[in-house]
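Q: Pasting a structure below so you can have a look.
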Amino acid sequence: MQLTHLNSFLKTNVKLGKTKDVMFKSFDGTKVQGWMVLPPNFNPKKKYPSILNIHGGPRVQYAHTFFHEMQYFASQGFVVFYTNPRGGRGRGEMWASAITGGWGDLDYKDCMAAADYMEEQKFINPKKICVTGGSYGGYMTNWMIGHTNRFKAAVTQRCISDLKSFHGSSDIGWAIRREFDADPWTDKEKYEKCSPITYYQNIKTPVLIIHSEQDLRCHIEQGEQMFAMLKVMKKTVEMVRFPEEPHGLSRHGRPDRRIARLDWIVKWFKKYTK
């Protein structure tokens, strides 16, 4: 028996975008799961800008569930695509451990396959695909724009830039040795190879950095390093700092700041996809 009707307004006052399940093939034929959210009043004859949204973790997963963030982006006229690349949860130990010791390889290729799939859709403008993600998704956003120029704009949130300094500044930094089977002082080359900061000179994508000042998981120094480095190199970059907020701003931050975060993301993407 239904006890409450707290969300009835979603049916009566709000028009939601339709979400469809997707399975697409990566570079090696591996099937990757994803979901595509279409804007309300979707017209298949139009060409929409789009957003590839990458989850954190890496050992978490997206699922077929209501996610206000995806619906909000769709309501602003974007097709939103979110996927479960290798390295995440939900498909067994081999899937989750596929990127151990090698972040930026199979996970990157799966995300690029997602972008390929997006470009194949007739209703998506292939020249207006954007990318965003938070935490490990911020790491992957940084990694991707350091290795490809195919994205029109990027928003990196609560990101990881430098795995070496992450080791010493994060509240779980010491545990990263289990991921790479080494500490920064025992395998410097591996940490440099897998750190997005190593490739920042390649970035041409306009990037917005969003970071919380009380983030203990991905310390704000990770975002600051990225901002300072790109600014010195005269790249197109801005940074938004949220005072008092923790790593989970997007989920349990102060309501007005959660709204401000969404607004900043949408403003940045609309600026470059007009």
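Scheme for the structure tokens: letters A, B, ... for chains in order shown; per-chain residue numbers from 1; ligand numbers from 1 in order shown.
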So that I can see what lies close to Lys122 of chain A, please list as a PDB file with C-alpha atoms, in the first residue's frame the residues with an atom at most 12 Å from it, counting only C-alpha atoms and leaving out residues fewer than 4 positions away in the same chain.

A:
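Full text of around27.pdb as output:
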```
ATOM      1  CA  ASN A  43      12.435  15.879 -31.844  1.00  0.00           C
ATOM      2  CA  PRO A  44      14.423  13.174 -33.696  1.00  0.00           C
ATOM      3  CA  LYS A  45      14.855  15.515 -36.670  1.00  0.00           C
ATOM      4  CA  LYS A  46      16.836  18.033 -34.622  1.00  0.00           C
ATOM      5  CA  LYS A  47      20.584  17.987 -33.920  1.00  0.00           C
ATOM      6  CA  TYR A  48      21.177  18.272 -30.178  1.00  0.00           C
ATOM      7  CA  PRO A  49      24.307  19.111 -28.203  1.00  0.00           C
ATOM      8  CA  VAL A  79      21.155  14.610 -24.828  1.00  0.00           C
ATOM      9  CA  TYR A 117      28.303   5.840 -30.258  1.00  0.00           C
ATOM     10  CA  MET A 118      27.041   9.350 -29.543  1.00  0.00           C
ATOM     11  CA  PRO A 126      28.935  15.411 -33.503  1.00  0.00           C
TER      12      PRO A 126
END
```

Q: List as a PyMOL selection string the protein and nucleic acid residues near Thr148 of chain A, meaning an atom at most 10 Å away when only C-alpha atoms are counted, but skip any in the same chain fewer than 5 places from it.

A: chain A and resi 112+143+202-205

Q: For segment 13-17 of chain A, work out the shell of residues within 8 Å, counting only C-alpha atoms and skipping chain neighbours fewer than 5 positions away, then give it as a list of chain:residue names.

A: A:Val37, A:Leu38, A:Pro39, A:Pro40, A:Asn41, A:Phe42, A:Gln71, A:Ala74, A:Ser75

Q: A:Arg59, A:His247, A:Arg86, A:Lys152: which is nearest Gln33 of chain A, counting only C-alpha atoms?

A: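 Closest candidate: A:Arg86.
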
Q: Would you kindly return, as a list in words, each protein, DNA or RNA residue with an atom no farther than 9 Å from any atom of Phe166 of chain A, considering only C-alpha atoms and excluding same-chain residues fewer than 6 positions away?

A: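 Neighbouring residues, sequence-local ones excluded: Ile160, Ile172, Gly173, Trp174, Ile176, Arg217, Cys218, His219, Glu221 and Gln222 of chain A.
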
Q: From the set A:Pro184, A:Gly138, A:Gly253, A:Pro85, which residue has the shortest atom-to-atom contact distance to Ala115 of chain A, counting only C-alpha atoms?

A: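 For Ala115 of chain A, the nearest of the given residues is A:Pro85.
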
Q: Got a sec to tell me which of segment 114-169 of chain A DSSP assigns to alpha helix (DSSP H), as a ChimeraX atom specification?

A: /A:114-120,136-145,163-169

Q: Nearest residue to Phe24 of chain A out of A:Leu3, A:Glu120, A:Gly57, A:Gly104, using only C-alpha atoms?

A: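 Of all the options, A:Glu120 lies closest to Phe24 of chain A.
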
Q: Apply DSSP to the structure's backbone, then extract all residues of segment 13-240 of chain A labelled strand (DSSP E or B) and return them as a ChimeraX atom specification.

A: /A:19-25,31-37,48-54,79-83,124-134,154-157,207-212,237-240

Q: Write out as a PDB file with C-alpha atoms, in the first residue's frame the residues lying within 10 Å of Phe73 of chain A, counting only C-alpha atoms and excluding same-chain residues fewer than 3 positions away.

A:
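Below you can see around.pdb, which holds the result:
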```
ATOM      1  CA  GLY A  17      13.067  13.302 -20.527  1.00  0.00           C
ATOM      2  CA  VAL A  37      18.388  10.649 -21.547  1.00  0.00           C
ATOM      3  CA  LEU A  38      16.566  12.622 -24.225  1.00  0.00           C
ATOM      4  CA  PRO A  39      15.356  16.200 -23.736  1.00  0.00           C
ATOM      5  CA  SER A  50      25.194  16.326 -25.802  1.00  0.00           C
ATOM      6  CA  ILE A  51      27.003  15.493 -22.575  1.00  0.00           C
ATOM      7  CA  HIS A  68      17.993  14.466 -11.061  1.00  0.00           C
ATOM      8  CA  GLU A  69      21.302  15.635 -12.542  1.00  0.00           C
ATOM      9  CA  MET A  70      20.806  13.816 -15.837  1.00  0.00           C
ATOM     10  CA  GLN A  76      18.337  22.317 -20.739  1.00  0.00           C
ATOM     11  CA  GLY A  77      18.379  20.865 -24.256  1.00  0.00           C
ATOM     12  CA  PHE A  78      21.203  18.301 -24.015  1.00  0.00           C
ATOM     13  CA  VAL A  79      21.155  14.610 -24.828  1.00  0.00           C
ATOM     14  CA  VAL A  80      22.849  13.006 -21.817  1.00  0.00           C
ATOM     15  CA  LEU A 262      24.356  22.646 -11.861  1.00  0.00           C
ATOM     16  CA  ASP A 263      23.932  26.171 -13.189  1.00  0.00           C
ATOM     17  CA  ILE A 265      27.925  23.337 -15.604  1.00  0.00           C
ATOM     18  CA  VAL A 266      25.040  24.216 -17.900  1.00  0.00           C
ATOM     19  CA  PHE A 269      28.382  23.927 -21.906  1.00  0.00           C
TER      20      PHE A 269
END
```

Q: Quick one: residues within 8 Å of Ser212 of chain A, only C-alpha atoms counted, chain neighbours fewer than 5 positions away excluded, as an MDAnalysis selection string?

A: chainID A and resid 158 220 241:247 249

Q: Okay, now the selection with N, CA and C atoms, as a CSV table (one decimal), in the first residue's frame?

A:
```csv
chain,number,residue,atom,x,y,z
A,158,ARG,N,35.7,18.0,-8.6
A,158,ARG,CA,36.3,17.3,-7.5
A,158,ARG,C,37.3,16.2,-8.1
A,220,ILE,N,41.5,20.0,-2.7
A,220,ILE,CA,41.4,21.1,-3.7
A,220,ILE,C,42.7,21.4,-4.4
A,241,ARG,N,35.2,27.7,-7.0
A,241,ARG,CA,35.5,27.1,-5.6
A,241,ARG,C,34.2,27.2,-4.8
A,242,PHE,N,33.8,26.2,-4.1
A,242,PHE,CA,32.7,26.2,-3.2
A,242,PHE,C,33.2,26.1,-1.8
A,243,PRO,N,33.0,27.2,-1.0
A,243,PRO,CA,33.4,27.2,0.4
A,243,PRO,C,32.6,26.3,1.2
A,244,GLU,N,33.3,25.7,2.2
A,244,GLU,CA,32.7,24.9,3.3
A,244,GLU,C,32.2,23.5,2.8
A,245,GLU,N,32.1,23.3,1.5
A,245,GLU,CA,31.5,22.0,1.0
A,245,GLU,C,32.6,20.9,1.0
A,246,PRO,N,32.1,19.6,1.1
A,246,PRO,CA,32.9,18.5,1.1
A,246,PRO,C,33.0,17.9,-0.3
A,247,HIS,N,33.5,16.7,-0.4
A,247,HIS,CA,33.6,15.9,-1.7
A,247,HIS,C,32.2,15.7,-2.3
A,249,LEU,N,29.5,17.5,-2.5
A,249,LEU,CA,28.7,18.7,-2.8
A,249,LEU,C,27.5,18.3,-3.6
```

Q: Contacts of Ile54 of chain A at 12 Å or less, counting only C-alpha atoms, minus same-chain residues fewer than 4 places along, as JSON, numbers by chain?

A: {"A": [34, 35, 58, 60, 61, 62, 70, 80, 81, 82, 83, 84, 85, 86, 87, 88, 107, 108, 110, 111, 112, 114, 115, 130, 131, 132, 133, 134, 135, 136, 137, 138, 139, 140, 141, 142, 143, 144, 154, 155, 156, 157, 159]}

Q: Please, could you write that set of residues out with C-alpha atoms as a PDB file, in the first residue's frame?

A:
```pdb
ATOM      1  CA  GLY A  34      24.865   2.833 -20.933  1.00  0.00           C
ATOM      2  CA  TRP A  35      21.782   5.014 -20.670  1.00  0.00           C
ATOM      3  CA  PRO A  58      36.115   4.002 -10.208  1.00  0.00           C
ATOM      4  CA  VAL A  60      30.924   2.194  -8.537  1.00  0.00           C
ATOM      5  CA  GLN A  61      28.294   2.005 -11.263  1.00  0.00           C
ATOM      6  CA  TYR A  62      25.408   3.831 -12.874  1.00  0.00           C
ATOM      7  CA  MET A  70      20.806  13.816 -15.837  1.00  0.00           C
ATOM      8  CA  VAL A  80      22.849  13.006 -21.817  1.00  0.00           C
ATOM      9  CA  PHE A  81      24.768   9.727 -22.051  1.00  0.00           C
ATOM     10  CA  TYR A  82      26.167   7.915 -19.018  1.00  0.00           C
ATOM     11  CA  THR A  83      27.872   4.527 -19.077  1.00  0.00           C
ATOM     12  CA  ASN A  84      29.665   1.855 -17.064  1.00  0.00           C
ATOM     13  CA  PRO A  85      33.158   1.509 -18.565  1.00  0.00           C
ATOM     14  CA  ARG A  86      35.591  -1.138 -17.413  1.00  0.00           C
ATOM     15  CA  GLY A  87      36.902  -0.616 -13.903  1.00  0.00           C
ATOM     16  CA  GLY A  88      33.486  -0.149 -12.323  1.00  0.00           C
ATOM     17  CA  ASP A 107      38.561   2.863 -19.226  1.00  0.00           C
ATOM     18  CA  TYR A 108      39.578   5.651 -21.596  1.00  0.00           C
ATOM     19  CA  ASP A 110      35.495   2.516 -23.372  1.00  0.00           C
ATOM     20  CA  CYS A 111      34.643   6.182 -22.807  1.00  0.00           C
ATOM     21  CA  MET A 112      35.864   7.046 -26.295  1.00  0.00           C
ATOM     22  CA  ALA A 114      30.790   5.911 -25.870  1.00  0.00           C
ATOM     23  CA  ALA A 115      31.636   9.157 -27.676  1.00  0.00           C
ATOM     24  CA  CYS A 130      30.775  17.778 -24.093  1.00  0.00           C
ATOM     25  CA  VAL A 131      32.250  15.746 -21.243  1.00  0.00           C
ATOM     26  CA  THR A 132      32.047  15.912 -17.464  1.00  0.00           C
ATOM     27  CA  GLY A 133      32.579  13.756 -14.396  1.00  0.00           C
ATOM     28  CA  GLY A 134      33.387  13.956 -10.715  1.00  0.00           C
ATOM     29  CA  SER A 135      36.047  12.360  -8.513  1.00  0.00           C
ATOM     30  CA  TYR A 136      37.386   9.477 -10.638  1.00  0.00           C
ATOM     31  CA  GLY A 137      35.048  10.869 -13.314  1.00  0.00           C
ATOM     32  CA  GLY A 138      36.974  14.124 -12.926  1.00  0.00           C
ATOM     33  CA  TYR A 139      40.202  12.175 -13.307  1.00  0.00           C
ATOM     34  CA  MET A 140      38.880  10.633 -16.516  1.00  0.00           C
ATOM     35  CA  THR A 141      37.624  13.998 -17.799  1.00  0.00           C
ATOM     36  CA  ASN A 142      41.127  15.409 -17.260  1.00  0.00           C
ATOM     37  CA  TRP A 143      42.679  12.373 -18.892  1.00  0.00           C
ATOM     38  CA  MET A 144      40.425  12.513 -21.936  1.00  0.00           C
ATOM     39  CA  ALA A 154      34.644  19.960 -20.442  1.00  0.00           C
ATOM     40  CA  VAL A 155      33.707  20.371 -16.791  1.00  0.00           C
ATOM     41  CA  THR A 156      35.939  18.525 -14.342  1.00  0.00           C
ATOM     42  CA  GLN A 157      34.564  18.167 -10.814  1.00  0.00           C
ATOM     43  CA  CYS A 159      39.034  15.855  -9.787  1.00  0.00           C
TER      44      CYS A 159
END
```

Q: Nearest to Lys128 of chain A among A:Tyr200, A:Ala63, A:Asp105, A:Ala153, with distances taken over only C-alpha atoms: which residue is it?

A: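 Closest to Lys128 of chain A of all the choices is A:Ala153.
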